[in-house]
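Worksheet: the structure to be examined is printed underneath.
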Amino acid sequence: MAEVLSQSQIDALLNAARSGELDVDKPADKNAEQKYRKYDFYSPRKFTKDRLKMLNSIFEGYARVINSRINALLHTTCEIEVDSVEEQRYYEFSNALTESDVLALAKIDLEKLQEDTPILVHLATPVLLSMLDRLMGGEGDPDPALSNDYTLTDLELNMYEDMIRDLISIMGSSWENYITIHFEYTRTEVNPTLVQLIGYDETVVIVGINIKFPNCVGRLSLCLPGVMLTNIFSEISKNTTRRTSGEDKSDEIFGSLRESELEIVAELARTRILLSDLYHLNVGDVVDIKRPKDAPVFLNIGGRRWFDGRMGTSNKQVAVKIGETYIKM
């Protein structure tokens, strides 16, 4: 970030320019050393900015979904928004965890895309306890005496697993515009520092989601393995290529539609009679439909008038001969 000048520095520059000590028209020294950002060849970036923007858009949709779900579950209002989507090494995520943290592990339903590395979900302990307190009828006020190494009880763990399982199961809905996948909760790790779930130098994408309640603020972090994301992006690219190939499949589509069954209703006429007359109708009675005997018969499909025709017979069966068409195909 560029350095911000103080008001005294600005005044000094203006005075120097007025007195001639500072030549504002002098061009910059071409021989001055230009500063460039160093590229880390040891850990090259795997995902482009467009891919990270796609993930940001996906999880913005996910944030809106869980916002509604949490509001309904806890009977309160909260604000949930995506704070960051960054490509990092796994150790940058694991170094921020403590022994008392709880990690939820998840996987996707497509084995060819999953690999062995799980998806990690971490919910900050203060906001987690606030949500559990609301589930049990409390106000969700944070405890100022809460220690940093607080360990969840068995009851709190069971409630946490039920809640996080629900939040993970709806994660797939935000991917529907790109690919159909489903996320599934697998298990909970109560001491993630003792288990190496992902290689420390493995590439991951960490999605940070801020959760803000009226009396508590916390963070939901999602650690997505780079190998899994690479497989998903490859599958998305294949599907996109397939959709944009421009192949004309109209014959195939109409071929499958030709086997479909449609109900055709032939309507002779419509009339109105009293309920008492309908009750006393017997075999042989005549109902006046107020239409001539050679009037056309209307053919309705799906509740809409498509054709008209004439009554007749075909192979000793009652039939209708199509006349005028009302709806063009």
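Labels for the structure tokens follow display order: chains A, B, ..., residues from 1 in each chain, ligands from 1.
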Practice problem: Pick out each residue of segment 57-179 of chain A that DSSP on the backbone tags as alpha helix (DSSP H); I need them as number ranges by chain. | Solution: A: 57-74, 90-94, 111-114, 125-135, 154-169
Quiz prompt | Those of segment 67-224 of chain A in DSSP strand (DSSP E or B), formatted as a VMD selection string | solution = chain A and resid 79 to 89 103 to 108 119 to 123 183 to 189 203 to 213 216 to 224
Practice problem: For atom CA of Val127 of chain A and atom CA of Val217 of chain A, determine how far apart the two atoms are, in Å to one decimal place. | Solution: 6.3 Å
Exercise. Take atom CA of Glu267 of chain A and atom CA of His280 of chain A and report the distance between them in Å, one decimal.
Key: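 We find that atom CA of Glu267 of chain A and atom CA of His280 of chain A lie 23.7 Å from each other.
Counting only C-alpha atoms, the residue from A:Arg45, A:Arg165, A:His182, A:Arg219 that sits nearest to Ala124 of chain A is A:Arg219.
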Self-check item: Selection near Ala72 of chain A, 12 Å with only C-alpha atoms, sequence-local residues under 6 positions removed, as JSON, numbers by chain
Solution: {"A": [65, 66, 78, 134, 135]}
Exercise. Name the residues in contact with Val297 of chain A at a cut-off of 6 Å, using only C-alpha atoms, excluding same-chain residues fewer than 6 positions from it; report them as a list in words.
Key: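 In the requested form, the answer reads Glu267, Leu268, Asp308, Gly309 and Arg310 of chain A.
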Quiz prompt | Counting only C-alpha atoms, the option among A:Glu139, A:Asp133, A:Glu161, A:Glu176 closest to Ile58 of chain A | solution =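 Closest residue, counting only C-alpha atoms: A:Glu176.
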Self-check item: Exercise: segment 82-93 of chain A partners within 6 Å, only C-alpha atoms, chain neighbours under 6 positions left out, as a list in words
Solution: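 The contact residues come out as Glu60, Tyr200, Asp201, Glu202, Thr203, Val204, Val205, Ile206, Val207, Gly208 and Ile209 of chain A.
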Any chance you can output those residues with N, CA and C atoms as a PDB file, in the first residue's frame?
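Final file, selection.pdb:
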ATOM      1  N   GLU A  60     -20.624 -16.748  -1.969  1.00  0.00           N
ATOM      2  CA  GLU A  60     -21.559 -15.672  -1.645  1.00  0.00           C
ATOM      3  C   GLU A  60     -22.991 -16.201  -1.683  1.00  0.00           C
ATOM      4  N   TYR A 200       1.293 -30.485   4.823  1.00  0.00           N
ATOM      5  CA  TYR A 200       1.512 -29.094   5.214  1.00  0.00           C
ATOM      6  C   TYR A 200       1.787 -28.188   4.019  1.00  0.00           C
ATOM      7  N   ASP A 201       2.434 -28.700   2.983  1.00  0.00           N
ATOM      8  CA  ASP A 201       2.754 -27.886   1.810  1.00  0.00           C
ATOM      9  C   ASP A 201       1.725 -28.012   0.705  1.00  0.00           C
ATOM     10  N   GLU A 202       0.640 -28.712   0.974  1.00  0.00           N
ATOM     11  CA  GLU A 202      -0.396 -28.868  -0.046  1.00  0.00           C
ATOM     12  C   GLU A 202      -1.118 -27.536  -0.270  1.00  0.00           C
ATOM     13  N   THR A 203      -1.484 -27.310  -1.529  1.00  0.00           N
ATOM     14  CA  THR A 203      -2.223 -26.100  -1.878  1.00  0.00           C
ATOM     15  C   THR A 203      -3.691 -26.250  -1.497  1.00  0.00           C
ATOM     16  N   VAL A 204      -4.227 -25.248  -0.845  1.00  0.00           N
ATOM     17  CA  VAL A 204      -5.634 -25.227  -0.467  1.00  0.00           C
ATOM     18  C   VAL A 204      -6.200 -23.843  -0.768  1.00  0.00           C
ATOM     19  N   VAL A 205      -7.494 -23.773  -0.830  1.00  0.00           N
ATOM     20  CA  VAL A 205      -8.188 -22.484  -0.923  1.00  0.00           C
ATOM     21  C   VAL A 205      -8.990 -22.309   0.357  1.00  0.00           C
ATOM     22  N   ILE A 206      -8.730 -21.223   1.049  1.00  0.00           N
ATOM     23  CA  ILE A 206      -9.388 -20.962   2.326  1.00  0.00           C
ATOM     24  C   ILE A 206     -10.442 -19.882   2.115  1.00  0.00           C
ATOM     25  N   VAL A 207     -11.679 -20.222   2.430  1.00  0.00           N
ATOM     26  CA  VAL A 207     -12.804 -19.283   2.305  1.00  0.00           C
ATOM     27  C   VAL A 207     -13.172 -18.811   3.706  1.00  0.00           C
ATOM     28  N   GLY A 208     -13.071 -17.516   3.929  1.00  0.00           N
ATOM     29  CA  GLY A 208     -13.438 -16.936   5.214  1.00  0.00           C
ATOM     30  C   GLY A 208     -14.804 -16.285   5.151  1.00  0.00           C
ATOM     31  N   ILE A 209     -15.705 -16.692   6.032  1.00  0.00           N
ATOM     32  CA  ILE A 209     -17.075 -16.160   6.071  1.00  0.00           C
ATOM     33  C   ILE A 209     -17.316 -15.559   7.454  1.00  0.00           C
TER      34      ILE A 209
END
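Neighbouring residues of Val102 of chain A at 9 Å or closer, counting only C-alpha atoms and skipping chain neighbours under 4 positions away, are Leu97, Thr98, Val121, His122, Leu123, Ala124, Thr125, Thr151, Leu152, Leu157, Thr188, Glu189, Val190, Asn191 and Pro192 of chain A.
Compared by their closest atoms to Leu110 of chain A, and using only C-alpha atoms, the residues A:Glu263, A:Glu184, A:Asp251, A:Asp277 rank with A:Glu184 nearest.
Comparing A:Ser19, A:Ile108, A:Pro126, A:Gly138 by their smallest distance to His75 of chain A, the closest is A:Gly138 (using only C-alpha atoms).
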Quiz item: Suppose you want the space between atom CA of Cys223 of chain A and atom CA of Ile119 of chain A; what is it in Å?
Solution: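 Interatomic distance here is 5.9 Å.
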Practice problem: Counting only C-alpha atoms, figure out which residue out of A:Asn95, A:Ile179, A:Leu129, A:Asp149 gets nearest to Asn231 of chain A. | Solution: A:Ile179
Quiz item: So, counting only C-alpha atoms, which residue among A:Asn282, A:Val287, A:Ile164, A:Gly255 is closest to Ile70 of chain A?
Solution: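 Of all the options, A:Ile164 lies closest to Ile70 of chain A.
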Exercise. Please provide the set of residues having any atom within 12 Å of Ile301 of chain A, restricted to only C-alpha atoms, with same-chain residues fewer than 3 positions apart removed, written as a list in words.
Key: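 With the cut-off at 12 Å, the set is Glu261, Leu262, Glu263, Ile264, Val265, Ala266, Glu267, Phe298, Arg304, Arg305, Trp306, Phe307, Asp308, Tyr326 and Ile327 of chain A.
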Could you save the residues just selected, with N, CA and C atoms, as a PDB file, in the first residue's frame?
ATOM      1  N   GLU A 261     -46.671 -39.748 -24.655  1.00  0.00           N
ATOM      2  CA  GLU A 261     -48.122 -39.913 -24.791  1.00  0.00           C
ATOM      3  C   GLU A 261     -48.821 -38.625 -24.383  1.00  0.00           C
ATOM      4  N   LEU A 262     -49.804 -38.223 -25.178  1.00  0.00           N
ATOM      5  CA  LEU A 262     -50.596 -37.023 -24.910  1.00  0.00           C
ATOM      6  C   LEU A 262     -52.072 -37.394 -24.898  1.00  0.00           C
ATOM      7  N   GLU A 263     -52.788 -36.766 -24.003  1.00  0.00           N
ATOM      8  CA  GLU A 263     -54.232 -36.988 -23.935  1.00  0.00           C
ATOM      9  C   GLU A 263     -54.938 -35.943 -24.793  1.00  0.00           C
ATOM     10  N   ILE A 264     -55.748 -36.409 -25.732  1.00  0.00           N
ATOM     11  CA  ILE A 264     -56.512 -35.523 -26.608  1.00  0.00           C
ATOM     12  C   ILE A 264     -57.990 -35.645 -26.230  1.00  0.00           C
ATOM     13  N   VAL A 265     -58.618 -34.510 -25.979  1.00  0.00           N
ATOM     14  CA  VAL A 265     -60.024 -34.482 -25.571  1.00  0.00           C
ATOM     15  C   VAL A 265     -60.840 -33.875 -26.700  1.00  0.00           C
ATOM     16  N   ALA A 266     -61.800 -34.627 -27.209  1.00  0.00           N
ATOM     17  CA  ALA A 266     -62.710 -34.128 -28.245  1.00  0.00           C
ATOM     18  C   ALA A 266     -63.943 -33.543 -27.576  1.00  0.00           C
ATOM     19  N   GLU A 267     -64.193 -32.293 -27.832  1.00  0.00           N
ATOM     20  CA  GLU A 267     -65.297 -31.570 -27.185  1.00  0.00           C
ATOM     21  C   GLU A 267     -66.411 -31.348 -28.206  1.00  0.00           C
ATOM     22  N   PHE A 298     -64.226 -29.807 -31.383  1.00  0.00           N
ATOM     23  CA  PHE A 298     -62.961 -29.181 -30.981  1.00  0.00           C
ATOM     24  C   PHE A 298     -62.073 -30.205 -30.278  1.00  0.00           C
ATOM     25  N   ARG A 304     -55.789 -26.725 -23.898  1.00  0.00           N
ATOM     26  CA  ARG A 304     -55.827 -25.678 -24.914  1.00  0.00           C
ATOM     27  C   ARG A 304     -56.376 -26.246 -26.210  1.00  0.00           C
ATOM     28  N   ARG A 305     -57.074 -25.401 -26.966  1.00  0.00           N
ATOM     29  CA  ARG A 305     -57.681 -25.830 -28.229  1.00  0.00           C
ATOM     30  C   ARG A 305     -56.614 -25.829 -29.324  1.00  0.00           C
ATOM     31  N   TRP A 306     -56.381 -27.014 -29.914  1.00  0.00           N
ATOM     32  CA  TRP A 306     -55.378 -27.138 -30.962  1.00  0.00           C
ATOM     33  C   TRP A 306     -56.002 -27.293 -32.355  1.00  0.00           C
ATOM     34  N   PHE A 307     -57.051 -28.120 -32.458  1.00  0.00           N
ATOM     35  CA  PHE A 307     -57.638 -28.399 -33.774  1.00  0.00           C
ATOM     36  C   PHE A 307     -59.161 -28.390 -33.664  1.00  0.00           C
ATOM     37  N   ASP A 308     -59.789 -28.339 -34.830  1.00  0.00           N
ATOM     38  CA  ASP A 308     -61.201 -28.720 -34.903  1.00  0.00           C
ATOM     39  C   ASP A 308     -61.337 -29.787 -35.986  1.00  0.00           C
ATOM     40  N   TYR A 326     -55.359 -24.474 -34.810  1.00  0.00           N
ATOM     41  CA  TYR A 326     -55.384 -23.206 -34.083  1.00  0.00           C
ATOM     42  C   TYR A 326     -54.005 -22.800 -33.558  1.00  0.00           C
ATOM     43  N   ILE A 327     -53.161 -23.774 -33.200  1.00  0.00           N
ATOM     44  CA  ILE A 327     -51.832 -23.485 -32.635  1.00  0.00           C
ATOM     45  C   ILE A 327     -50.787 -24.039 -33.595  1.00  0.00           C
TER      46      ILE A 327
END
